Structures are given as C-alpha cells and as structure tokens.
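One file, coords-v3.txt, carrying compact mmCIF, C-alpha atoms:
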```txt
# COMPACT_ATOMS: atom_id res chain seq x y z
CA MET A 1294 -15.89 1.00 -24.02
CA THR A 1295 -13.63 -0.81 -21.56
CA GLY A 1296 -13.77 -4.56 -21.14
CA CYS A 1297 -13.51 -5.09 -17.38
CA ILE A 1298 -12.95 -2.85 -14.38
CA ALA A 1299 -12.15 -4.01 -10.85
CA LEU A 1300 -14.02 -1.99 -8.23
CA ILE A 1301 -12.24 -2.29 -4.87
CA LEU A 1302 -14.14 -1.38 -1.72
CA SER A 1303 -12.20 0.50 0.92
CA GLY A 1304 -15.01 2.13 2.86
CA GLY A 1305 -14.90 0.20 6.12
CA SER A 1306 -13.79 1.75 9.40
CA GLY A 1307 -12.43 -1.53 10.76
CA ALA A 1308 -14.20 -1.16 14.11
CA ARG A 1309 -14.15 -4.91 14.77
CA PHE A 1310 -10.41 -5.00 14.13
CA GLY A 1311 -9.79 -2.61 17.01
CA ALA A 1312 -7.23 -0.24 15.44
CA GLN A 1313 -7.40 3.51 14.89
CA THR A 1314 -6.31 3.08 11.27
CA PRO A 1315 -8.77 1.20 9.04
CA LYS A 1316 -7.46 -2.33 8.59
CA GLN A 1317 -7.19 -2.01 4.81
CA TYR A 1318 -4.50 0.65 5.28
CA LEU A 1319 -2.46 -1.24 7.87
CA PRO A 1320 0.98 -2.51 6.80
CA LEU A 1321 1.21 -6.13 5.68
CA GLY A 1322 4.73 -6.96 4.63
CA ASP A 1323 6.06 -4.34 2.23
CA ARG A 1324 2.64 -2.85 1.41
CA VAL A 1325 -0.61 -1.94 3.11
CA VAL A 1326 -3.38 -4.56 3.05
CA ILE A 1327 -5.44 -3.15 0.19
CA ARG A 1328 -2.40 -2.56 -2.00
CA HIS A 1329 -1.78 -6.34 -2.21
CA ALA A 1330 -5.18 -6.86 -3.85
CA VAL A 1331 -4.89 -3.83 -6.13
CA ASP A 1332 -1.50 -4.95 -7.42
CA THR A 1333 -2.90 -8.40 -8.20
CA PHE A 1334 -5.76 -6.94 -10.26
CA LEU A 1335 -3.41 -4.56 -12.08
CA ASP A 1336 -1.19 -7.48 -13.08
CA HIS A 1337 -4.07 -9.57 -14.45
CA PRO A 1338 -4.48 -9.42 -18.25
CA GLY A 1339 -8.27 -9.57 -18.00
CA ILE A 1340 -8.51 -6.36 -15.96
CA ASP A 1341 -8.40 -3.07 -17.85
CA ALA A 1342 -8.55 -0.66 -14.91
CA VAL A 1343 -9.00 -0.44 -11.16
CA ARG A 1344 -11.08 2.04 -9.17
CA ILE A 1345 -11.23 2.28 -5.38
CA VAL A 1346 -14.28 3.33 -3.38
CA ARG A 1347 -12.96 5.03 -0.24
CA ARG A 1348 -14.16 6.94 2.79
CA PRO A 1349 -13.71 10.72 2.38
CA GLN A 1350 -11.89 10.90 5.73
CA ASP A 1351 -9.28 8.40 4.51
CA ILE A 1352 -7.95 10.64 1.73
CA THR A 1353 -4.44 10.92 3.24
CA LEU A 1354 -4.18 7.18 3.84
CA TYR A 1355 -5.34 6.57 0.28
CA GLU A 1356 -2.89 9.01 -1.27
CA ASP A 1357 0.03 7.57 0.68
CA ALA A 1358 -0.88 4.01 -0.32
CA PHE A 1359 -1.40 4.71 -4.02
CA CYS A 1360 0.91 7.60 -4.85
CA GLY A 1361 2.29 6.92 -8.32
CA VAL A 1362 0.04 3.88 -8.94
CA SER A 1363 -1.76 3.90 -12.29
CA ILE A 1364 -5.41 3.46 -11.28
CA LEU A 1365 -8.59 5.41 -11.92
CA ASP A 1366 -9.40 8.35 -9.67
CA PRO A 1367 -11.14 7.15 -6.49
CA VAL A 1368 -14.77 7.75 -5.66
CA ASP A 1369 -16.18 8.49 -2.21
CA GLY A 1370 -18.40 5.82 -0.70
CA GLY A 1371 -21.61 6.04 1.29
CA GLU A 1372 -22.84 5.12 4.74
CA THR A 1373 -23.24 1.40 3.96
CA ARG A 1374 -21.41 -1.13 1.84
CA GLN A 1375 -24.39 -1.41 -0.49
CA GLU A 1376 -24.53 2.36 -0.96
CA SER A 1377 -20.79 2.49 -1.58
CA VAL A 1378 -21.00 -0.16 -4.29
CA LEU A 1379 -23.82 1.72 -6.02
CA LEU A 1380 -21.79 4.95 -5.96
CA GLY A 1381 -18.82 3.07 -7.36
CA LEU A 1382 -20.87 1.48 -10.14
CA GLU A 1383 -22.48 4.79 -11.07
CA SER A 1384 -19.05 6.42 -11.26
CA LEU A 1385 -18.20 4.02 -14.10
CA GLU A 1386 -21.08 5.02 -16.35
CA ASP A 1387 -18.96 7.34 -18.47
CA ILE A 1388 -16.44 4.51 -18.99
CA ALA A 1389 -19.18 1.95 -19.73
CA PRO A 1390 -17.29 -1.28 -19.02
CA THR A 1391 -18.74 -4.55 -20.21
CA LEU A 1392 -17.86 -6.39 -17.00
CA VAL A 1393 -17.11 -5.39 -13.44
CA LEU A 1394 -15.45 -7.25 -10.58
CA ILE A 1395 -16.36 -6.08 -7.07
CA HIS A 1396 -13.81 -6.91 -4.39
CA ASP A 1397 -13.38 -6.21 -0.68
CA GLY A 1398 -10.17 -4.29 0.01
CA ALA A 1399 -9.75 -6.27 3.25
CA ARG A 1400 -9.08 -9.43 1.19
CA PRO A 1401 -5.40 -9.00 0.25
CA PHE A 1402 -4.81 -12.34 -1.52
CA PRO A 1403 -7.05 -12.86 -4.55
CA ASN A 1404 -4.82 -14.73 -6.97
CA ALA A 1405 -4.78 -14.71 -10.75
CA GLY A 1406 -6.49 -18.07 -11.04
CA LEU A 1407 -9.40 -16.93 -8.88
CA ILE A 1408 -9.86 -13.80 -11.00
CA THR A 1409 -9.70 -15.82 -14.21
CA ARG A 1410 -12.33 -18.33 -13.00
CA THR A 1411 -14.83 -15.62 -12.10
CA LEU A 1412 -14.32 -13.86 -15.43
CA GLU A 1413 -14.68 -17.07 -17.43
CA ALA A 1414 -17.97 -17.83 -15.67
CA LEU A 1415 -19.37 -14.63 -17.18
CA ASN A 1416 -19.12 -16.23 -20.63
CA SER A 1417 -22.34 -18.07 -19.78
CA HIS A 1418 -23.76 -16.13 -16.82
CA GLN A 1419 -24.48 -12.51 -15.86
CA ALA A 1420 -23.16 -13.02 -12.33
CA ALA A 1421 -20.55 -15.27 -10.73
CA ILE A 1422 -18.89 -15.54 -7.33
CA PRO A 1423 -16.03 -17.58 -5.89
CA ALA A 1424 -17.02 -19.68 -2.90
CA LEU A 1425 -15.83 -22.54 -0.71
CA PRO A 1426 -17.93 -25.53 0.33
CA VAL A 1427 -18.67 -25.88 4.05
CA PHE A 1428 -17.21 -29.02 5.61
CA ASP A 1429 -17.83 -28.29 9.28
CA THR A 1430 -21.16 -29.02 10.92
CA ILE A 1431 -23.21 -25.82 11.15
CA LYS A 1432 -25.42 -25.10 14.14
CA GLN A 1433 -28.21 -22.56 14.30
CA VAL A 1434 -28.32 -21.11 17.80
CA ALA A 1435 -30.95 -19.32 19.84
CA SER A 1436 -30.96 -15.54 20.14
CA ASP A 1437 -29.00 -15.78 23.40
CA ALA A 1438 -26.24 -17.56 21.43
CA LYS A 1439 -25.97 -20.14 24.21
CA THR A 1440 -28.16 -23.01 23.05
CA VAL A 1441 -28.52 -24.88 19.76
CA GLU A 1442 -31.85 -24.63 17.97
CA LYS A 1443 -31.04 -27.01 15.13
CA THR A 1444 -28.32 -28.39 12.89
CA LEU A 1445 -28.26 -27.15 9.31
CA GLY A 1446 -27.60 -29.40 6.37
CA ARG A 1447 -24.21 -28.41 5.01
CA GLN A 1448 -24.51 -30.04 1.59
CA LYS A 1449 -25.88 -26.84 0.06
CA LEU A 1450 -23.88 -24.34 2.11
CA TRP A 1451 -20.96 -22.42 0.60
CA LEU A 1452 -18.81 -19.58 1.94
CA ALA A 1453 -18.94 -16.62 -0.45
CA GLN A 1454 -15.77 -14.69 -1.31
CA THR A 1455 -14.84 -11.79 -3.54
CA PRO A 1456 -14.19 -10.70 -6.26
CA GLN A 1457 -17.75 -11.11 -7.41
CA ALA A 1458 -18.15 -10.72 -11.15
CA PHE A 1459 -21.05 -9.23 -13.09
CA ASP A 1460 -22.28 -7.91 -16.38
CA TYR A 1461 -21.90 -4.21 -15.65
CA LYS A 1462 -25.26 -2.92 -16.87
CA THR A 1463 -27.08 -5.78 -15.18
CA ILE A 1464 -25.59 -5.29 -11.71
CA LEU A 1465 -25.91 -1.49 -11.96
CA ALA A 1466 -29.65 -1.81 -12.61
CA ALA A 1467 -30.00 -4.40 -9.82
CA HIS A 1468 -28.23 -2.13 -7.32
CA ARG A 1469 -30.39 0.82 -8.27
CA ASN A 1470 -33.53 -1.24 -7.75
CA ALA A 1471 -32.25 -2.47 -4.37
CA ALA A 1472 -31.21 0.98 -3.07
CA GLY A 1473 -32.09 1.39 0.60
CA MET A 1474 -32.32 -2.32 1.30
CA GLU A 1475 -29.92 -4.18 3.62
CA LEU A 1476 -28.43 -6.94 1.48
CA ASN A 1477 -25.24 -8.67 2.56
CA ASP A 1478 -23.24 -8.68 -0.67
CA ASP A 1479 -23.52 -7.99 -4.37
CA SER A 1480 -24.55 -11.53 -5.27
CA MET A 1481 -27.50 -11.09 -2.90
CA VAL A 1482 -28.41 -7.94 -4.83
CA ALA A 1483 -28.32 -10.03 -8.00
CA GLU A 1484 -30.43 -12.75 -6.37
CA HIS A 1485 -33.01 -10.16 -5.33
CA ALA A 1486 -33.22 -9.06 -8.97
CA GLY A 1487 -33.80 -12.65 -10.09
CA ILE A 1488 -30.36 -13.00 -11.70
CA PRO A 1489 -28.86 -16.52 -11.49
CA VAL A 1490 -25.46 -16.46 -9.80
CA ALA A 1491 -22.83 -18.99 -10.86
CA ILE A 1492 -20.44 -20.49 -8.32
CA VAL A 1493 -16.74 -21.03 -9.08
CA ASP A 1494 -14.11 -22.50 -6.83
CA GLY A 1495 -12.82 -20.06 -4.26
CA ASN A 1496 -9.40 -20.11 -2.63
CA GLU A 1497 -8.56 -20.93 0.99
CA GLU A 1498 -5.89 -18.22 0.97
CA ASN A 1499 -8.38 -15.55 -0.10
CA ILE A 1500 -9.02 -14.62 3.53
CA LYS A 1501 -10.79 -11.50 4.74
CA ILE A 1502 -9.02 -9.53 7.44
CA THR A 1503 -11.61 -8.72 10.07
CA THR A 1504 -9.82 -9.43 13.36
CA GLN A 1505 -6.29 -9.29 14.76
CA GLU A 1506 -6.15 -13.08 14.38
CA ASN A 1507 -6.84 -12.72 10.65
CA MET A 1508 -3.93 -10.30 10.35
CA GLN A 1509 -1.62 -12.76 12.09
CA GLN A 1510 -2.78 -15.44 9.65
CA ALA A 1511 -2.04 -13.12 6.72
CA ARG A 1512 1.44 -12.42 8.04
CA LYS A 1513 2.12 -16.15 8.32
CA MET A 1514 0.92 -16.62 4.75
CA LEU A 1515 3.55 -14.11 3.63
CA ASP A 1516 6.11 -16.09 5.62
CA LEU A 1517 7.01 -13.00 7.60
CA GLY A 1518 7.94 -15.19 10.55
CA SER A 1519 11.21 -16.23 8.87
CA ILE A 1520 12.26 -12.65 8.24
CA LEU A 1521 14.93 -10.84 10.21
CA THR A 1522 14.58 -7.11 10.82
CA ARG A 1523 17.82 -5.14 10.74
CA VAL A 1524 18.21 -1.46 11.64
CA GLY A 1525 20.84 1.04 10.52
CA THR A 1526 21.59 4.67 11.33
CA GLY A 1527 23.46 7.41 9.51
CA PHE A 1528 24.62 10.96 10.22
CA ASP A 1529 26.17 13.60 7.98
CA VAL A 1530 27.16 17.27 8.15
CA HIS A 1531 27.97 19.84 5.46
CA GLN A 1532 28.84 23.50 5.82
CA PHE A 1533 27.28 26.33 3.86
CA GLY A 1534 29.22 28.02 1.09
CA PRO A 1535 28.54 30.16 -1.97
CA GLY A 1536 25.43 29.36 -3.96
CA ASP A 1537 21.74 30.03 -4.43
CA HIS A 1538 20.33 26.62 -3.52
CA THR A 1539 20.94 23.43 -1.60
CA ILE A 1540 20.30 19.84 -2.67
CA LEU A 1541 18.37 17.99 0.01
CA CYS A 1542 16.95 14.48 -0.54
CA GLY A 1543 17.59 14.99 -4.24
CA ILE A 1544 15.47 18.16 -4.38
CA LYS A 1545 16.79 21.62 -5.32
CA VAL A 1546 15.78 23.94 -2.46
CA PRO A 1547 16.25 27.71 -3.00
CA HIS A 1548 18.60 29.26 -0.41
CA ASP A 1549 21.10 32.08 -0.19
CA HIS A 1550 23.91 29.57 0.34
CA GLY A 1551 24.93 26.26 -1.15
CA LEU A 1552 26.44 23.26 0.63
CA GLU A 1553 30.11 22.45 0.27
CA GLY A 1554 31.20 18.90 -0.41
CA HIS A 1555 33.03 16.62 -2.82
CA SER A 1556 29.76 15.40 -4.36
CA ASP A 1557 26.53 17.39 -4.43
CA ALA A 1558 26.71 17.62 -0.60
CA ASP A 1559 23.21 16.17 -0.12
CA ALA A 1560 23.59 15.56 3.62
CA PRO A 1561 20.26 13.79 4.24
CA MET A 1562 20.81 11.44 1.32
CA HIS A 1563 24.35 10.72 2.55
CA ALA A 1564 22.98 9.93 6.02
CA LEU A 1565 20.36 7.65 4.50
CA THR A 1566 22.96 5.87 2.38
CA ASP A 1567 25.09 5.27 5.47
CA ALA A 1568 22.04 3.96 7.35
CA LEU A 1569 21.34 1.37 4.64
CA LEU A 1570 24.98 0.30 4.52
CA GLY A 1571 25.00 0.04 8.29
CA ALA A 1572 21.90 -2.15 8.34
CA ILE A 1573 23.69 -4.77 6.24
CA ALA A 1574 27.10 -4.18 7.86
CA ALA A 1575 28.61 -3.07 4.54
CA GLY A 1576 30.87 -0.26 5.73
CA ASP A 1577 30.14 3.41 5.17
CA ILE A 1578 29.64 5.75 2.24
CA GLY A 1579 33.31 6.77 2.21
CA SER A 1580 34.47 3.18 1.72
CA HIS A 1581 32.25 2.79 -1.34
CA PHE A 1582 32.70 6.30 -2.77
CA PRO A 1583 36.03 7.70 -1.49
CA PRO A 1584 36.15 11.52 -1.59
CA SER A 1585 39.77 11.17 -2.72
CA GLU A 1586 38.57 9.86 -6.09
CA GLU A 1587 37.99 12.61 -8.61
CA LYS A 1588 35.24 10.70 -10.43
CA TRP A 1589 32.88 11.34 -7.51
CA ARG A 1590 33.37 15.11 -7.61
CA GLY A 1591 29.95 16.73 -8.04
CA ALA A 1592 28.27 13.33 -8.30
CA ALA A 1593 24.55 13.10 -7.59
CA SER A 1594 24.01 11.48 -4.22
CA SER A 1595 21.11 9.51 -5.69
CA GLU A 1596 23.81 7.33 -7.27
CA PHE A 1597 25.15 6.51 -3.80
CA LEU A 1598 21.69 5.74 -2.45
CA ARG A 1599 20.78 3.49 -5.36
CA HIS A 1600 24.05 1.58 -4.82
CA ALA A 1601 23.21 0.98 -1.16
CA ALA A 1602 19.66 -0.12 -2.05
CA ALA A 1603 21.05 -2.53 -4.65
CA LEU A 1604 23.29 -4.11 -2.01
CA VAL A 1605 20.21 -4.70 0.14
CA ALA A 1606 18.42 -6.24 -2.84
CA ASP A 1607 21.42 -8.50 -3.54
CA LEU A 1608 20.76 -10.05 -0.12
CA ASN A 1609 17.07 -10.54 -1.05
CA GLY A 1610 16.30 -7.86 1.49
CA LYS A 1611 13.47 -5.37 1.47
CA ILE A 1612 13.59 -1.84 2.79
CA GLN A 1613 10.70 -1.60 5.24
CA ASN A 1614 10.88 2.08 6.12
CA VAL A 1615 13.25 5.05 6.25
CA ASP A 1616 13.15 8.07 8.55
CA VAL A 1617 15.25 11.16 7.79
CA THR A 1618 15.66 14.20 10.02
CA ILE A 1619 17.21 17.41 8.66
CA ILE A 1620 18.71 19.68 11.30
CA CYS A 1621 18.99 23.36 10.35
CA GLU A 1622 17.64 26.85 10.98
CA ARG A 1623 17.31 27.51 7.26
CA PRO A 1624 16.20 26.74 4.59
CA LYS A 1625 12.64 25.83 5.51
CA ILE A 1626 11.99 22.17 4.80
CA GLY A 1627 8.20 22.04 5.20
CA PRO A 1628 7.24 23.26 1.70
CA TYR A 1629 9.44 20.58 0.12
CA ARG A 1630 8.84 17.67 2.51
CA ASP A 1631 6.40 15.67 0.39
CA THR A 1632 8.46 16.18 -2.76
CA MET A 1633 11.49 14.87 -0.88
CA ARG A 1634 9.53 11.85 0.33
CA GLN A 1635 8.42 11.10 -3.20
CA LYS A 1636 11.97 11.42 -4.53
CA LEU A 1637 13.37 9.03 -1.93
CA ALA A 1638 10.51 6.59 -2.52
CA GLU A 1639 11.24 6.56 -6.25
CA ILE A 1640 14.97 6.00 -5.77
CA LEU A 1641 14.47 3.22 -3.22
CA GLU A 1642 11.44 1.77 -5.06
CA ILE A 1643 9.33 1.64 -1.91
CA PRO A 1644 5.89 3.12 -1.12
CA ILE A 1645 5.86 6.75 -0.04
CA THR A 1646 4.10 5.55 3.13
CA ALA A 1647 7.43 3.97 4.11
CA VAL A 1648 9.32 7.26 3.83
CA SER A 1649 9.45 9.93 6.51
CA VAL A 1650 11.24 13.27 6.20
CA LYS A 1651 11.29 15.58 9.20
CA ALA A 1652 13.05 18.81 10.12
CA THR A 1653 14.12 20.35 13.38
CA THR A 1654 16.39 23.11 14.68
CA THR A 1655 18.92 23.30 17.50
CA GLU A 1656 17.24 26.40 18.93
CA GLN A 1657 20.04 28.59 17.50
CA LEU A 1658 22.71 26.59 19.35
CA GLY A 1659 25.86 25.21 17.75
CA PHE A 1660 27.02 25.46 14.15
CA THR A 1661 23.53 24.79 12.74
CA GLY A 1662 22.11 27.44 15.05
CA ARG A 1663 24.65 29.92 13.70
CA ASN A 1664 23.63 29.02 10.12
CA GLU A 1665 27.12 27.74 9.36
CA GLY A 1666 25.77 24.52 7.87
CA LEU A 1667 23.26 21.76 8.35
CA ALA A 1668 23.19 18.18 9.57
CA ALA A 1669 21.06 15.16 8.84
CA GLN A 1670 20.44 11.87 10.50
CA ALA A 1671 18.63 8.79 9.22
CA ILE A 1672 17.39 5.48 10.50
CA VAL A 1673 16.20 2.57 8.36
CA SER A 1674 14.77 -0.87 8.91
CA ILE A 1675 15.17 -3.65 6.41
CA ALA A 1676 13.81 -7.20 6.22
CA LEU A 1677 16.26 -9.97 5.40
CA PRO A 1678 15.60 -13.67 4.91
CA ALA A 1679 16.91 -15.64 7.87
CA ALA A 1680 19.35 -17.41 5.53
CA ALA A 1681 21.06 -14.07 4.88
CA GLU A 1682 22.16 -13.81 8.51
```
Translate this structure into structure tokens?
Amino acid sequence: MTGCIALILSGGSGARFGAQTPKQYLPLGDRVVIRHAVDTFLDHPGIDAVRIVRRPQDITLYEDAFCGVSILDPVDGGETRQESVLLGLESLEDIAPTLVLIHDGARPFPNAGLITRTLEALNSHQAAIPALPVFDTIKQVASDAKTVEKTLGRQKLWLAQTPQAFDYKTILAAHRNAAGMELNDDSMVAEHAGIPVAIVDGNEENIKITTQENMQQARKMLDLGSILTRVGTGFDVHQFGPGDHTILCGIKVPHDHGLEGHSDADAPMHALTDALLGAIAAGDIGSHFPPSEEKWRGAASSEFLRHAAALVADLNGKIQNVDVTIICERPKIGPYRDTMRQKLAEILEIPITAVSVKATTTEQLGFTGRNEGLAAQAIVSIALPAAAE
C-alpha cells in the first residue's frame, strides 16, 4: 500500500486560452506549465508517486514533457473532467493508496506549504481543499449578463483551488456514485456524497492558467521580465575516413566510413559547443580545447559540450533551447534522431522538448553531396539574468 499519490489532470484542450497546443504543455520558463506542478509534487516528502491523466491525442506532448521523469505511467482521460478523475482514481486501485491529491495541471505553482496543509487536514477529515476568502463585492447578474439581480454576501464565499485532498477509498466511491453528473470539482463530488470538506488556506500564487493574461501573470511571477535572451550559432565540418561508424550527437551511427578529427570528430556536438560559447561571448571550441594539445586526441565531444554548458551555468544562465542540423547524404539520421535528442538533453540537463535535431542534404552538391564528409550547424538560445550583461 502506498501512502499518498498525486493525480494531476492534463485532459483539457485549452480552447479558452486560444492556442493550438493545450496550455498545460506550453513553455513557461525552462519547463512546460504542467511540469512545474509535477516537479513540486515529486519534491514533497508527503507524496509517494505522481500519475498524470492525459488526453490520448496528447501522447507526443506528454512524452516530450516527461521523458526521463520518474512518475507512474499515465492514464487516458474521458470526455469530461469528472470522467477523467474517475478514470484516474480507478487506475490506482492496484496500488491502493491511503490518500490522493487531485490537482489541475494548469496550476503550475502549488508550493510545498500548500500541499502540506491539505495533507495535514486529512488527519481529522476525509476531504480537504485549499481556498481563498473573497474580499471583493460579488454581484449576481441577469442571464443577459448586463444587469445586476442582487449582491451576494461575501462572508461565506471562498475561491476553491487545487490540490484537493481525499481519503482514497472515500473519494473513489463518491466519484463512482456521481458518474454521469455535472459537478464542478472533486470537493463538490464529496459534498454530493455527504462528506464534510475541510478548508485550509490557499495561496495567491497558486493561479490557474486559463487565458493569455494568466500566462503573462505566471511569467511575471517567475521574474522572466528581468531575463536577457542571448543567441549563439556554431558550424563544423569533418571529412570521412576509414571506419565502420560515425559519432553524431554522442551516438554511434553505423556507416561505411568514420569521421576524421583530433577528437571523436562529432561535428554536430562541436557546432553545438561553439553555439553555446558564442552565446556567452566566450570564444570558440578551439580556444578552450586546442587541437594542438595531445590530451584532446580522441576525446569524447560530450566533454566539450559539458564544459560550455558549465560556463553558461556559471553566469546563472539557463539553456532555453538548442537546434542542430546535420548536413549529409549519408548516413541516414532519421532512425537515430530521438536518441540523439535524448543524449543532448542529458548532457545539457534540459528537457528533451528543448532539443531539436534535424537533417538535410545538399542535393548531391558540394563535398557533402559527393559523400566526402558531413557538416553540422547549431543555434542556441540562453536566458541570462540582466546583471550578467
């Protein structure tokens, strides 16, 4: 039996937000929106595991956002939020947690204190939610939304947030009994079942991203306005020589030729290293790792890339994204593209969603067209604090 599992809902299409990509998978700083919340739950000592309820059509977005993250396998949601929660709860039956927290993936900033308060409330209740008292005057309007019908007393009004915390077996039974109904949130499901719901203090920063304005607010909360974006480019060429494979983006790719060079001749990784160095105006790869020095003979280019990334980190910078293009007729890059992306993401310690690897040819023109060698170019963007300028 597991103590507590966080169930994160990621089933919305984000129609009100007005973007083609669901808002929970849009970038917010160095991660997508939902990843902020998931990381917070994973770091909390009271949470034993995290499971995401997703839309089946978002499988690629999900895999890019959570590649390498240690969470439970996702479960597909239903047509409504209520149906999705029920499917998520039922998927946990074999794990049989004691407690479950249910959280909206469009709320990126639940903090540790908020999670702790909701969990502690379950010591004396079967259900608990974070909420904020209403201080503004609330008006009930007519159906035309143009005239006021009456003013509501605000003394008993609170704004509900997530995560909402429950005894697992209790909320599972309540959801099953409420199947097919249209209830706004999980605490309303509990209310319908006659379960008292405790209120704990919410957090003003625990906003829900529904509109473009909410996203701008979230960006301000991350202090992204004081960040400078710097861009760097890199280019490298190596000729083919004897061998039965090439090293590209740190991956051994079978080929009837190798690449000649002082190190392992990983042209795309050299281009990427130069791009990072260029973004922080730190010279080029040759000035850091001179080919005249014997100690770099046969060296793994990952060592060069890690060095460049460390220089960015020394400036309190963050690598936002990298884009690598490999230019050759052969070998074929497609079968190895995702493995290359994963390798670069691991070396740079950034999400795979921030790594692009592409390939193109020169239509049999030039030295690459004659299969004499290959070339690579890279472009990167990094975020630096304004003080680093």
Shell around Val1326 (chain A) at 8 Å using all atoms listed in the file, local window under 4 positions removed, as a JSON list (two decimals) with C-alpha atoms, keeping the file's coordinate frame:
```
[["chain", "number", "residue", "atom", "x", "y", "z"],
["A", 1316, "LYS", "CA", -7.46, -2.33, 8.59],
["A", 1317, "GLN", "CA", -7.19, -2.01, 4.81],
["A", 1318, "TYR", "CA", -4.50, 0.65, 5.28],
["A", 1319, "LEU", "CA", -2.46, -1.24, 7.87],
["A", 1320, "PRO", "CA", 0.98, -2.51, 6.80],
["A", 1321, "LEU", "CA", 1.21, -6.13, 5.68],
["A", 1330, "ALA", "CA", -5.18, -6.86, -3.85],
["A", 1398, "GLY", "CA", -10.17, -4.29, 0.01],
["A", 1399, "ALA", "CA", -9.75, -6.27, 3.25],
["A", 1400, "ARG", "CA", -9.08, -9.43, 1.19],
["A", 1401, "PRO", "CA", -5.40, -9.00, 0.25]]
```
Could you list, as a PDB file with C-alpha atoms, in the coordinates of the input, every residue within 9 Å of region 1380-1391 of chain A, counting only C-alpha atoms and ignoring same-chain residues fewer than 2 positions away?
```pdb
ATOM      1  CA  MET A1294     -15.890   1.000 -24.020  1.00  0.00           C
ATOM      2  CA  THR A1295     -13.630  -0.810 -21.560  1.00  0.00           C
ATOM      3  CA  GLY A1296     -13.770  -4.560 -21.140  1.00  0.00           C
ATOM      4  CA  CYS A1297     -13.510  -5.090 -17.380  1.00  0.00           C
ATOM      5  CA  ILE A1298     -12.950  -2.850 -14.380  1.00  0.00           C
ATOM      6  CA  LEU A1300     -14.020  -1.990  -8.230  1.00  0.00           C
ATOM      7  CA  ILE A1301     -12.240  -2.290  -4.870  1.00  0.00           C
ATOM      8  CA  LEU A1302     -14.140  -1.380  -1.720  1.00  0.00           C
ATOM      9  CA  ARG A1344     -11.080   2.040  -9.170  1.00  0.00           C
ATOM     10  CA  ILE A1345     -11.230   2.280  -5.380  1.00  0.00           C
ATOM     11  CA  VAL A1346     -14.280   3.330  -3.380  1.00  0.00           C
ATOM     12  CA  PRO A1367     -11.140   7.150  -6.490  1.00  0.00           C
ATOM     13  CA  VAL A1368     -14.770   7.750  -5.660  1.00  0.00           C
ATOM     14  CA  ASP A1369     -16.180   8.490  -2.210  1.00  0.00           C
ATOM     15  CA  GLY A1370     -18.400   5.820  -0.700  1.00  0.00           C
ATOM     16  CA  GLY A1371     -21.610   6.040   1.290  1.00  0.00           C
ATOM     17  CA  GLN A1375     -24.390  -1.410  -0.490  1.00  0.00           C
ATOM     18  CA  GLU A1376     -24.530   2.360  -0.960  1.00  0.00           C
ATOM     19  CA  SER A1377     -20.790   2.490  -1.580  1.00  0.00           C
ATOM     20  CA  VAL A1378     -21.000  -0.160  -4.290  1.00  0.00           C
ATOM     21  CA  VAL A1393     -17.110  -5.390 -13.440  1.00  0.00           C
ATOM     22  CA  PHE A1459     -21.050  -9.230 -13.090  1.00  0.00           C
ATOM     23  CA  ASP A1460     -22.280  -7.910 -16.380  1.00  0.00           C
ATOM     24  CA  TYR A1461     -21.900  -4.210 -15.650  1.00  0.00           C
ATOM     25  CA  LYS A1462     -25.260  -2.920 -16.870  1.00  0.00           C
ATOM     26  CA  ILE A1464     -25.590  -5.290 -11.710  1.00  0.00           C
ATOM     27  CA  LEU A1465     -25.910  -1.490 -11.960  1.00  0.00           C
ATOM     28  CA  HIS A1468     -28.230  -2.130  -7.320  1.00  0.00           C
TER      29      HIS A1468
END
```
Minimum-distance residue to Gly1554 (chain A), chosen among A:Leu1569, A:Val1482, A:Val1530, A:Leu1407 (using all atoms listed in the file)
A:Val1530
Could you check how far CA of Ala1671 (chain A) sits from CA of Leu1354 (chain A), in Å to one decimal?
23.5 Å
Select, from A:Lys1439, A:Lys1651, A:Arg1590, A:His1550, the residue with the minimum atom-to-atom distance to Asp1537 (chain A), counting all atoms listed in the file.
A:His1550
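Proximity of A:Ile1573, A:Ile1327, A:Ile1488, A:Val1615 to Gly1305 (chain A), computed with all atoms listed in the file, is greatest for A:Ile1327.
Shortest atom-to-atom contact with Thr1632 (chain A) among A:Val1605, A:Ala1560, A:Val1648, A:Met1481: A:Val1648, counting only C-alpha atoms.
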